[in-house]
>>> print(open('work.pdb').read())   # PDB, C-alpha atoms, pLDDT in the B column
ATOM      1  CA  MET N  28     -63.980  -7.718   8.428  1.00 38.00           C
ATOM      2  CA  ILE N  29     -65.719 -11.042   9.223  1.00 40.00           C
ATOM      3  CA  ARG N  30     -68.891  -9.871   7.434  1.00 40.00           C
ATOM      4  CA  TRP N  31     -66.845  -8.969   4.346  1.00 33.00           C
ATOM      5  CA  VAL N  32     -65.185 -12.403   4.365  1.00 32.00           C
ATOM      6  CA  ARG N  33     -68.552 -14.198   4.681  1.00 38.00           C
ATOM      7  CA  VAL N  34     -70.158 -12.230   1.853  1.00 36.00           C
ATOM      8  CA  THR N  35     -67.065 -12.622  -0.312  1.00 34.00           C
ATOM      9  CA  LEU N  36     -67.046 -16.385   0.249  1.00 34.00           C
ATOM     10  CA  ALA N  37     -70.742 -16.583  -0.601  1.00 39.00           C
ATOM     11  CA  ALA N  38     -70.147 -14.531  -3.749  1.00 37.00           C
ATOM     12  CA  ILE N  39     -67.251 -16.764  -4.783  1.00 31.00           C
ATOM     13  CA  LEU N  40     -69.370 -19.857  -4.177  1.00 35.00           C
ATOM     14  CA  CYS N  41     -72.140 -18.406  -6.306  1.00 38.00           C
ATOM     15  CA  VAL N  42     -70.286 -16.766  -9.159  1.00 32.00           C
ATOM     16  CA  SER N  43     -72.523 -18.953 -11.235  1.00 35.00           C
ATOM     17  CA  ILE N  44     -75.554 -20.191  -9.318  1.00 33.00           C
ATOM     18  CA  ALA N  45     -75.507 -23.250 -11.538  1.00 34.00           C
ATOM     19  CA  GLY N  46     -72.514 -24.260  -9.467  1.00 34.00           C
ATOM     20  CA  CYS N  47     -74.516 -23.993  -6.243  1.00 36.00           C
ATOM     21  CA  THR N  48     -76.407 -27.222  -5.881  1.00 36.00           C
ATOM     22  CA  GLY N  49     -77.554 -28.830  -2.718  1.00 39.00           C
ATOM     23  CA  ILE N  50     -76.008 -26.323  -0.326  1.00 41.00           C
ATOM     24  CA  GLY N  51     -77.350 -27.110   3.130  1.00 44.00           C
ATOM     25  CA  SER N  52     -77.293 -24.647   5.975  1.00 45.00           C
ATOM     26  CA  ARG N  53     -78.059 -24.483   9.661  1.00 51.00           C
ATOM     27  CA  THR N  54     -78.017 -20.686   9.438  1.00 64.00           C
ATOM     28  CA  ILE N  55     -81.451 -19.415  10.442  1.00 77.00           C
ATOM     29  CA  LEU N  56     -83.095 -17.053   7.940  1.00 81.00           C
ATOM     30  CA  LEU N  57     -84.213 -14.403  10.444  1.00 83.00           C
ATOM     31  CA  CYS N  58     -85.764 -11.317   8.845  1.00 87.00           C
ATOM     32  CA  THR N  59     -83.634  -9.143  11.143  1.00 85.00           C
ATOM     33  CA  LYS N  60     -80.304 -10.712  10.084  1.00 83.00           C
ATOM     34  CA  THR N  61     -80.150  -9.378   6.525  1.00 75.00           C
ATOM     35  CA  ASP N  62     -76.350  -9.223   6.564  1.00 74.00           C
ATOM     36  CA  ASP N  63     -76.157 -13.027   6.801  1.00 77.00           C
ATOM     37  CA  SER N  64     -74.612 -14.623   3.704  1.00 83.00           C
ATOM     38  CA  VAL N  65     -77.360 -17.264   3.543  1.00 85.00           C
ATOM     39  CA  PHE N  66     -79.666 -14.524   2.208  1.00 86.00           C
ATOM     40  CA  VAL N  67     -77.211 -13.941  -0.663  1.00 89.00           C
ATOM     41  CA  LEU N  68     -77.462 -17.632  -1.550  1.00 91.00           C
ATOM     42  CA  LEU N  69     -81.251 -17.580  -1.238  1.00 92.00           C
ATOM     43  CA  ALA N  70     -81.514 -14.461  -3.422  1.00 92.00           C
ATOM     44  CA  GLN N  71     -79.285 -16.037  -6.091  1.00 92.00           C
ATOM     45  CA  SER N  72     -81.210 -19.317  -6.093  1.00 94.00           C
ATOM     46  CA  VAL N  73     -84.090 -17.500  -7.844  1.00 95.00           C
ATOM     47  CA  PRO N  74     -82.555 -14.267  -9.212  1.00 94.00           C
ATOM     48  CA  SER N  75     -85.882 -13.051 -10.655  1.00 94.00           C
ATOM     49  CA  ALA N  76     -87.651 -13.126  -7.254  1.00 95.00           C
ATOM     50  CA  THR N  77     -88.406  -9.698  -5.774  1.00 95.00           C
ATOM     51  CA  GLN N  78     -89.304 -11.170  -2.356  1.00 95.00           C
ATOM     52  CA  LEU N  79     -87.522 -13.642  -0.088  1.00 95.00           C
ATOM     53  CA  PRO N  80     -89.058 -15.754   2.668  1.00 95.00           C
ATOM     54  CA  CYS N  81     -87.752 -15.281   6.185  1.00 93.00           C
ATOM     55  CA  ILE N  82     -88.632 -15.998   9.808  1.00 93.00           C
ATOM     56  CA  ALA N  83     -90.036 -13.036  11.742  1.00 93.00           C
ATOM     57  CA  GLU N  84     -90.144 -14.849  15.087  1.00 92.00           C
ATOM     58  CA  PHE N  85     -90.583 -18.315  16.512  1.00 92.00           C
ATOM     59  CA  PRO N  86     -93.834 -19.100  18.308  1.00 93.00           C
ATOM     60  CA  SER N  87     -93.541 -21.265  21.399  1.00 95.00           C
ATOM     61  CA  GLY N  88     -92.748 -24.851  20.423  1.00 96.00           C
ATOM     62  CA  TRP N  89     -91.414 -24.041  16.935  1.00 96.00           C
ATOM     63  CA  SER N  90     -87.775 -24.333  15.856  1.00 95.00           C
ATOM     64  CA  TYR N  91     -85.604 -24.134  12.767  1.00 94.00           C
ATOM     65  CA  GLY N  92     -85.209 -27.510  11.069  1.00 94.00           C
ATOM     66  CA  GLY N  93     -82.730 -26.758   8.277  1.00 92.00           C
ATOM     67  CA  SER N  94     -82.378 -25.486   4.742  1.00 92.00           C
ATOM     68  CA  ASP N  95     -81.286 -26.501   1.266  1.00 94.00           C
ATOM     69  CA  ILE N  96     -80.433 -23.942  -1.394  1.00 94.00           C
ATOM     70  CA  SER N  97     -79.711 -24.784  -5.019  1.00 94.00           C
ATOM     71  CA  SER N  98     -80.181 -23.317  -8.484  1.00 94.00           C
ATOM     72  CA  GLY N  99     -83.882 -22.587  -8.973  1.00 95.00           C
ATOM     73  CA  LEU N 100     -84.944 -23.547  -5.447  1.00 97.00           C
ATOM     74  CA  GLY N 101     -84.307 -22.158  -1.990  1.00 96.00           C
ATOM     75  CA  ARG N 102     -86.075 -23.908   0.869  1.00 95.00           C
ATOM     76  CA  PHE N 103     -86.071 -24.194   4.629  1.00 94.00           C
ATOM     77  CA  TRP N 104     -88.295 -25.973   7.100  1.00 96.00           C
ATOM     78  CA  LEU N 105     -89.583 -25.556  10.619  1.00 96.00           C
ATOM     79  CA  ASP N 106     -90.154 -28.224  13.246  1.00 97.00           C
ATOM     80  CA  SER N 107     -92.886 -28.099  15.852  1.00 97.00           C
ATOM     81  CA  ASP N 108     -93.198 -29.836  19.198  1.00 97.00           C
ATOM     82  CA  ARG N 109     -96.894 -30.415  18.335  1.00 96.00           C
ATOM     83  CA  GLY N 110     -96.813 -30.563  14.519  1.00 97.00           C
ATOM     84  CA  GLY N 111     -93.752 -32.790  14.252  1.00 97.00           C
ATOM     85  CA  PHE N 112     -90.449 -32.586  12.429  1.00 97.00           C
ATOM     86  CA  HIS N 113     -90.516 -30.815   9.058  1.00 97.00           C
ATOM     87  CA  ALA N 114     -94.019 -29.535   9.955  1.00 97.00           C
ATOM     88  CA  VAL N 115     -93.807 -26.716   7.417  1.00 98.00           C
ATOM     89  CA  GLU N 116     -91.479 -26.384   4.462  1.00 98.00           C
ATOM     90  CA  VAL N 117     -91.002 -22.961   2.872  1.00 97.00           C
ATOM     91  CA  SER N 118     -89.829 -22.989  -0.762  1.00 97.00           C
ATOM     92  CA  LEU N 119     -88.794 -20.113  -3.011  1.00 98.00           C
ATOM     93  CA  ARG N 120     -89.270 -20.865  -6.721  1.00 97.00           C
ATOM     94  CA  ARG N 121     -89.653 -19.026 -10.022  1.00 97.00           C
ATOM     95  CA  SER N 122     -93.267 -20.246 -10.279  1.00 97.00           C
ATOM     96  CA  CYS N 123     -95.770 -22.475  -8.487  1.00 96.00           C
ATOM     97  CA  ASP N 124     -98.585 -24.715  -9.649  1.00 96.00           C
ATOM     98  CA  THR N 125    -101.724 -23.305  -7.996  1.00 96.00           C
ATOM     99  CA  THR N 126    -104.122 -25.741  -9.710  1.00 95.00           C
ATOM    100  CA  ASP N 127    -107.165 -26.371  -7.461  1.00 95.00           C
ATOM    101  CA  ALA N 128    -106.028 -23.659  -5.035  1.00 97.00           C
ATOM    102  CA  VAL N 129    -108.393 -20.934  -3.853  1.00 97.00           C
ATOM    103  CA  GLU N 130    -107.319 -17.286  -3.783  1.00 97.00           C
ATOM    104  CA  GLU N 131    -107.534 -15.482  -0.452  1.00 96.00           C
ATOM    105  CA  ARG N 132    -106.665 -12.011   0.782  1.00 95.00           C
ATOM    106  CA  PRO N 133    -102.978 -11.532   1.676  1.00 93.00           C
ATOM    107  CA  ALA N 134    -102.002 -10.843   5.283  1.00 87.00           C
ATOM    108  CA  SER N 135    -100.815  -7.318   6.106  1.00 86.00           C
ATOM    109  CA  ASP N 136     -97.128  -8.285   5.719  1.00 85.00           C
ATOM    110  CA  GLU N 137     -97.826  -9.932   2.347  1.00 90.00           C
ATOM    111  CA  SER N 138     -98.854  -6.824   0.389  1.00 87.00           C
ATOM    112  CA  GLY N 139     -97.950  -6.986  -3.281  1.00 91.00           C
ATOM    113  CA  THR N 140     -98.612 -10.729  -3.417  1.00 96.00           C
ATOM    114  CA  ARG N 141    -101.462 -12.921  -4.556  1.00 97.00           C
ATOM    115  CA  VAL N 142    -102.175 -15.678  -2.051  1.00 97.00           C
ATOM    116  CA  PHE N 143    -103.649 -19.076  -2.886  1.00 98.00           C
ATOM    117  CA  VAL N 144    -104.465 -21.952  -0.523  1.00 97.00           C
ATOM    118  CA  ARG N 145    -104.889 -25.616  -1.393  1.00 97.00           C
ATOM    119  CA  PRO N 146    -106.019 -27.855   1.475  1.00 93.00           C
ATOM    120  CA  ASP N 147    -105.153 -31.495   0.927  1.00 93.00           C
ATOM    121  CA  SER N 148    -106.405 -33.261   4.081  1.00 90.00           C
ATOM    122  CA  LEU N 149    -107.498 -32.671   7.661  1.00 87.00           C
ATOM    123  CA  GLU N 150    -107.460 -36.259   8.921  1.00 85.00           C
ATOM    124  CA  PRO N 151    -105.504 -38.226   9.959  1.00 87.00           C
ATOM    125  CA  ALA N 152    -102.912 -35.484   9.480  1.00 91.00           C
ATOM    126  CA  PHE N 153    -103.274 -31.893   8.304  1.00 95.00           C
ATOM    127  CA  ARG N 154    -101.814 -31.316   4.830  1.00 96.00           C
ATOM    128  CA  ALA N 155    -102.121 -28.059   2.889  1.00 97.00           C
ATOM    129  CA  GLU N 156    -100.184 -25.623   0.728  1.00 97.00           C
ATOM    130  CA  ARG N 157    -100.174 -21.837   0.766  1.00 97.00           C
ATOM    131  CA  PHE N 158     -98.730 -19.989  -2.229  1.00 98.00           C
ATOM    132  CA  LEU N 159     -97.551 -16.377  -2.310  1.00 98.00           C
ATOM    133  CA  LEU N 160     -97.158 -15.191  -5.904  1.00 98.00           C
ATOM    134  CA  PHE N 161     -95.271 -11.978  -6.675  1.00 96.00           C
ATOM    135  CA  GLU N 162     -93.178 -10.424  -9.416  1.00 94.00           C
ATOM    136  CA  GLY N 163     -90.460 -12.856 -10.453  1.00 95.00           C
ATOM    137  CA  GLY N 164     -91.247 -15.681  -8.073  1.00 97.00           C
ATOM    138  CA  CYS N 165     -93.404 -17.692  -5.719  1.00 98.00           C
ATOM    139  CA  ILE N 166     -93.148 -18.881  -2.134  1.00 98.00           C
ATOM    140  CA  ASP N 167     -94.835 -22.147  -1.181  1.00 98.00           C
ATOM    141  CA  TYR N 168     -95.641 -23.045   2.443  1.00 98.00           C
ATOM    142  CA  ALA N 169     -96.182 -26.827   2.555  1.00 98.00           C
ATOM    143  CA  PHE N 170     -97.841 -27.893   5.810  1.00 97.00           C
ATOM    144  CA  ARG N 171     -97.276 -31.555   6.684  1.00 97.00           C
ATOM    145  CA  PHE N 172     -98.307 -32.014  10.313  1.00 97.00           C
ATOM    146  CA  ALA N 173     -97.982 -35.212  12.317  1.00 96.00           C
ATOM    147  CA  ALA N 174    -101.143 -37.258  12.816  1.00 95.00           C
ATOM    148  CA  GLY N 175    -103.354 -35.735  15.488  1.00 93.00           C
ATOM    149  CA  ALA N 176    -101.777 -32.270  15.350  1.00 95.00           C
ATOM    150  CA  GLN N 177    -104.243 -29.380  15.247  1.00 94.00           C
ATOM    151  CA  SER N 178    -104.665 -27.652  11.890  1.00 94.00           C
ATOM    152  CA  THR N 179    -104.631 -24.318  13.769  1.00 94.00           C
ATOM    153  CA  LEU N 180    -100.845 -24.721  14.045  1.00 96.00           C
ATOM    154  CA  ALA N 181    -100.793 -23.451  10.455  1.00 95.00           C
ATOM    155  CA  ILE N 182    -101.876 -20.038  11.770  1.00 94.00           C
ATOM    156  CA  GLU N 183     -98.866 -19.988  14.123  1.00 95.00           C
ATOM    157  CA  ALA N 184     -96.531 -20.902  11.267  1.00 95.00           C
ATOM    158  CA  ILE N 185     -97.975 -18.247   8.930  1.00 94.00           C
ATOM    159  CA  GLU N 186     -97.566 -15.594  11.637  1.00 93.00           C
ATOM    160  CA  ALA N 187     -93.955 -16.704  12.219  1.00 93.00           C
ATOM    161  CA  LEU N 188     -93.050 -16.331   8.539  1.00 95.00           C
ATOM    162  CA  SER N 189     -92.640 -13.110   6.623  1.00 94.00           C
ATOM    163  CA  LEU N 190     -91.283 -11.590   3.422  1.00 94.00           C
ATOM    164  CA  LEU N 191     -88.087  -9.663   2.901  1.00 92.00           C
ATOM    165  CA  PRO N 192     -87.732  -7.460  -0.180  1.00 92.00           C
ATOM    166  CA  ARG N 193     -84.822  -8.738  -2.290  1.00 92.00           C
ATOM    167  CA  ALA N 194     -83.752  -5.091  -2.656  1.00 90.00           C
ATOM    168  CA  THR N 195     -82.719  -5.181   1.024  1.00 89.00           C
ATOM    169  CA  ILE N 196     -80.159  -7.907   0.282  1.00 89.00           C
ATOM    170  CA  VAL N 197     -79.025  -6.129  -2.893  1.00 89.00           C
ATOM    171  CA  ARG N 198     -78.260  -3.045  -0.744  1.00 87.00           C
ATOM    172  CA  GLU N 199     -76.469  -5.147   1.912  1.00 86.00           C
ATOM    173  CA  VAL N 200     -74.164  -6.704  -0.684  1.00 87.00           C
ATOM    174  CA  ALA N 201     -73.536  -3.329  -2.368  1.00 84.00           C
ATOM    175  CA  ARG N 202     -72.133  -2.000   0.932  1.00 83.00           C
ATOM    176  CA  ASP N 203     -69.037  -4.090   0.346  1.00 80.00           C
ATOM    177  CA  PRO N 204     -66.846  -2.466  -2.316  1.00 70.00           C
ATOM    178  CA  GLY N 205     -66.603  -4.495  -5.487  1.00 74.00           C
ATOM    179  CA  LEU N 206     -69.568  -6.799  -4.775  1.00 79.00           C
ATOM    180  CA  THR N 207     -72.838  -6.833  -6.675  1.00 80.00           C
ATOM    181  CA  LEU N 208     -75.816  -9.159  -6.303  1.00 84.00           C
ATOM    182  CA  CYS N 209     -77.287  -9.668  -9.762  1.00 82.00           C
ATOM    183  CA  GLY N 210     -80.923 -10.310 -10.610  1.00 85.00           C
ATOM    184  CA  ALA N 211     -84.142  -8.474  -9.714  1.00 89.00           C
ATOM    185  CA  GLY N 212     -83.404  -4.936  -8.553  1.00 81.00           C
ATOM    186  CA  ALA N 213     -79.758  -5.189  -9.639  1.00 78.00           C
ATOM    187  CA  PRO N 214     -77.701  -5.855 -12.788  1.00 72.00           C
ATOM    188  CA  THR N 215     -78.687  -8.833 -14.933  1.00 73.00           C
ATOM    189  CA  CYS N 216     -76.933 -12.069 -14.046  1.00 69.00           C
ATOM    190  CA  ALA N 217     -74.241 -13.184 -16.487  1.00 70.00           C
ATOM    191  CA  GLY N 218     -74.546 -16.637 -18.011  1.00 62.00           C
TER     192      GLY N 218
END
>>> encode(input="work.pdb", output="structure tokens")
Amino acid sequence: MIRWVRVTLAAILCVSIAGCTGIGSRTILLCTKTDDSVFVLLAQSVPSATQLPCIAEFPSGWSYGGSDISSGLGRFWLDSDRGGFHAVEVSLRRSCDTTDAVEERPASDESGTRVFVRPDSLEPAFRAERFLLFEGGCIDYAFRFAAGAQSTLAIEAIEALSLLPRATIVREVARDPGLTLCGAGAPTCAG
């Protein structure tokens, strides 16, 4: 019953995603918690996206910083005891600007994506972006470590993050009678 109420409230809030702007959440986007209504909001922020970012597990010293979901952009960030607050920001968008980025081979859990990396600086603080391009969307990992933090922390963050097929959330929502998540893998969104 509680799950139905949460999903229903999320659906009511996002009848038109244009009405969902600046929704902040402390709900953690764990890949194993696909019945959480925050995934409905994330999926509706970029209805064309066939993949959603999520957290597979937290390495030692990493924690959830927060999230902000609005029309056209769903993002969350992770804090690190060594990399600082807001050490990595993960953004879901319709498209990304990969100018000056270099293509690399996707990790095993990133199949079906094209991956690009754009390093910005190593000193005094590591700054880089990693883009995952896929049908209908793009995920951007923006690394912004505190001065003196090791660039190898990016490897920990990449291993902590994963992709969730949007179809998983479409199926979760469809379990509740009368609810449909529109967009990729589902009916076209109205309006």
>>> residues_near_point(input="work.pdb", point="(-99.2, -29.3, 5.9)", cutoff="10 Å", atoms="all atoms listed in the file", output="list in words")
Gly110, His113, Ala114, Val115, Glu116, Arg145, Pro146, Asp147, Ser148, Leu149, Ala152, Phe153, Arg154, Ala155, Glu156, Arg157, Tyr168, Ala169, Phe170, Arg171, Phe172, Ala173, Ser178, Leu180 and Ala181 of chain N
>>> closest_atom_pairs(input="work.pdb", of="region 92-206 of chain N", to="region 83-86 of chain N", cutoff="7 Å", atoms="only C-alpha atoms", output="Markdown table")
| residue | atom | partner | partner_atom | distance |
| --- | --- | --- | --- | --- |
| N:Glu183 | CA | N:Pro86 | CA | 6.6 |
| N:Ala187 | CA | N:Glu84 | CA | 5.1 |
| N:Leu188 | CA | N:Ala83 | CA | 5.5 |
| N:Ser189 | CA | N:Ala83 | CA | 5.7 |
>>> closest_residue(input="work.pdb", among="N:Ala176, N:Leu206, N:Val200, N:Val144", to="Ala70 (chain N)", atoms="only C-alpha atoms")
N:Val200
>>> atom_distance(input="work.pdb", atom1="CA of Ile166 (chain N)", atom2="CA of Ile182 (chain N)")
16.5 Å
>>> atom_distance(input="work.pdb", atom1="CA of Thr61 (chain N)", atom2="CA of Leu191 (chain N)")
8.7 Å
>>> resolve_selection(input="work.pdb", expression="the PyMOL selection byres ((chain N and resi 210) around 10)", output="JSON, numbers by chain")
{"N": [70, 71, 73, 74, 75, 76, 77, 163, 193, 194, 197, 207, 208, 209, 211, 212, 213, 214, 215, 216, 217]}
>>> decode(input="work.pdb", residues="region 188-199 of chain N", atoms="all heavy atoms", output="short mmCIF file (atom, residue, chain, number, x, y, z; two decimals), in the first residue's frame")
data_model
loop_
_atom_site.label_atom_id
_atom_site.label_comp_id
_atom_site.auth_asym_id
_atom_site.auth_seq_id
_atom_site.Cartn_x
_atom_site.Cartn_y
_atom_site.Cartn_z
N LEU N 188 29.36 3.54 -9.55
CA LEU N 188 28.22 3.94 -10.37
C LEU N 188 27.89 2.88 -11.41
O LEU N 188 28.76 2.14 -11.85
CB LEU N 188 28.52 5.28 -11.04
CG LEU N 188 28.76 6.43 -10.06
CD1 LEU N 188 29.40 7.62 -10.76
CD2 LEU N 188 27.47 6.83 -9.37
N SER N 189 26.63 2.84 -11.79
CA SER N 189 26.21 1.86 -12.78
C SER N 189 25.04 2.41 -13.58
O SER N 189 24.60 3.54 -13.37
CB SER N 189 25.81 0.55 -12.09
OG SER N 189 25.62 -0.48 -13.04
N LEU N 190 24.54 1.59 -14.48
CA LEU N 190 23.39 1.95 -15.32
C LEU N 190 22.23 1.03 -15.02
O LEU N 190 22.42 -0.16 -14.75
CB LEU N 190 23.74 1.84 -16.80
CG LEU N 190 24.88 2.72 -17.29
CD1 LEU N 190 25.17 2.43 -18.75
CD2 LEU N 190 24.55 4.18 -17.09
N LEU N 191 21.05 1.58 -15.09
CA LEU N 191 19.81 0.84 -14.91
C LEU N 191 18.97 1.04 -16.16
O LEU N 191 18.70 2.18 -16.54
CB LEU N 191 19.07 1.38 -13.68
CG LEU N 191 17.76 0.74 -13.31
CD1 LEU N 191 17.98 -0.70 -12.84
CD2 LEU N 191 17.09 1.53 -12.20
N PRO N 192 18.58 -0.05 -16.83
CA PRO N 192 17.72 0.13 -18.00
C PRO N 192 16.40 0.80 -17.61
O PRO N 192 15.77 0.41 -16.63
CB PRO N 192 17.48 -1.30 -18.50
CG PRO N 192 18.56 -2.11 -17.89
CD PRO N 192 18.90 -1.45 -16.59
N ARG N 193 16.01 1.82 -18.35
CA ARG N 193 14.75 2.52 -18.07
C ARG N 193 13.56 1.56 -18.09
O ARG N 193 12.59 1.73 -17.37
CB ARG N 193 14.55 3.63 -19.09
CG ARG N 193 13.36 4.53 -18.79
CD ARG N 193 13.27 5.63 -19.85
NE ARG N 193 12.38 6.67 -19.45
CZ ARG N 193 11.05 6.59 -19.56
NH1 ARG N 193 10.49 5.51 -20.01
NH2 ARG N 193 10.29 7.60 -19.17
N ALA N 194 13.68 0.51 -18.91
CA ALA N 194 12.61 -0.49 -19.01
C ALA N 194 12.30 -1.13 -17.66
O ALA N 194 11.16 -1.51 -17.39
CB ALA N 194 12.99 -1.56 -20.03
N THR N 195 13.29 -1.21 -16.78
CA THR N 195 13.08 -1.76 -15.44
C THR N 195 12.08 -0.89 -14.67
O THR N 195 11.18 -1.40 -14.01
CB THR N 195 14.41 -1.85 -14.67
OG1 THR N 195 15.32 -2.66 -15.42
CG2 THR N 195 14.22 -2.42 -13.28
N ILE N 196 12.24 0.42 -14.77
CA ILE N 196 11.34 1.34 -14.06
C ILE N 196 9.96 1.34 -14.73
O ILE N 196 8.94 1.40 -14.04
CB ILE N 196 11.94 2.76 -14.02
CG1 ILE N 196 13.34 2.73 -13.38
CG2 ILE N 196 11.03 3.72 -13.27
CD1 ILE N 196 13.39 2.08 -12.00
N VAL N 197 9.93 1.25 -16.05
CA VAL N 197 8.65 1.16 -16.76
C VAL N 197 7.86 -0.04 -16.24
O VAL N 197 6.66 0.06 -15.95
CB VAL N 197 8.86 1.07 -18.30
CG1 VAL N 197 7.57 0.73 -19.01
CG2 VAL N 197 9.44 2.38 -18.82
N ARG N 198 8.54 -1.18 -16.09
CA ARG N 198 7.87 -2.40 -15.57
C ARG N 198 7.42 -2.21 -14.12
O ARG N 198 6.34 -2.66 -13.74
CB ARG N 198 8.78 -3.61 -15.69
CG ARG N 198 8.88 -4.16 -17.09
CD ARG N 198 9.58 -5.50 -17.12
NE ARG N 198 10.93 -5.48 -16.58
CZ ARG N 198 12.02 -5.15 -17.27
NH1 ARG N 198 11.92 -4.80 -18.53
NH2 ARG N 198 13.20 -5.18 -16.69
N GLU N 199 8.23 -1.57 -13.29
CA GLU N 199 7.88 -1.33 -11.88
C GLU N 199 6.59 -0.51 -11.79
O GLU N 199 5.70 -0.81 -11.01
CB GLU N 199 9.00 -0.62 -11.13
CG GLU N 199 10.16 -1.48 -10.75
CD GLU N 199 9.83 -2.44 -9.62
OE1 GLU N 199 8.92 -2.20 -8.82
OE2 GLU N 199 10.53 -3.48 -9.56
#
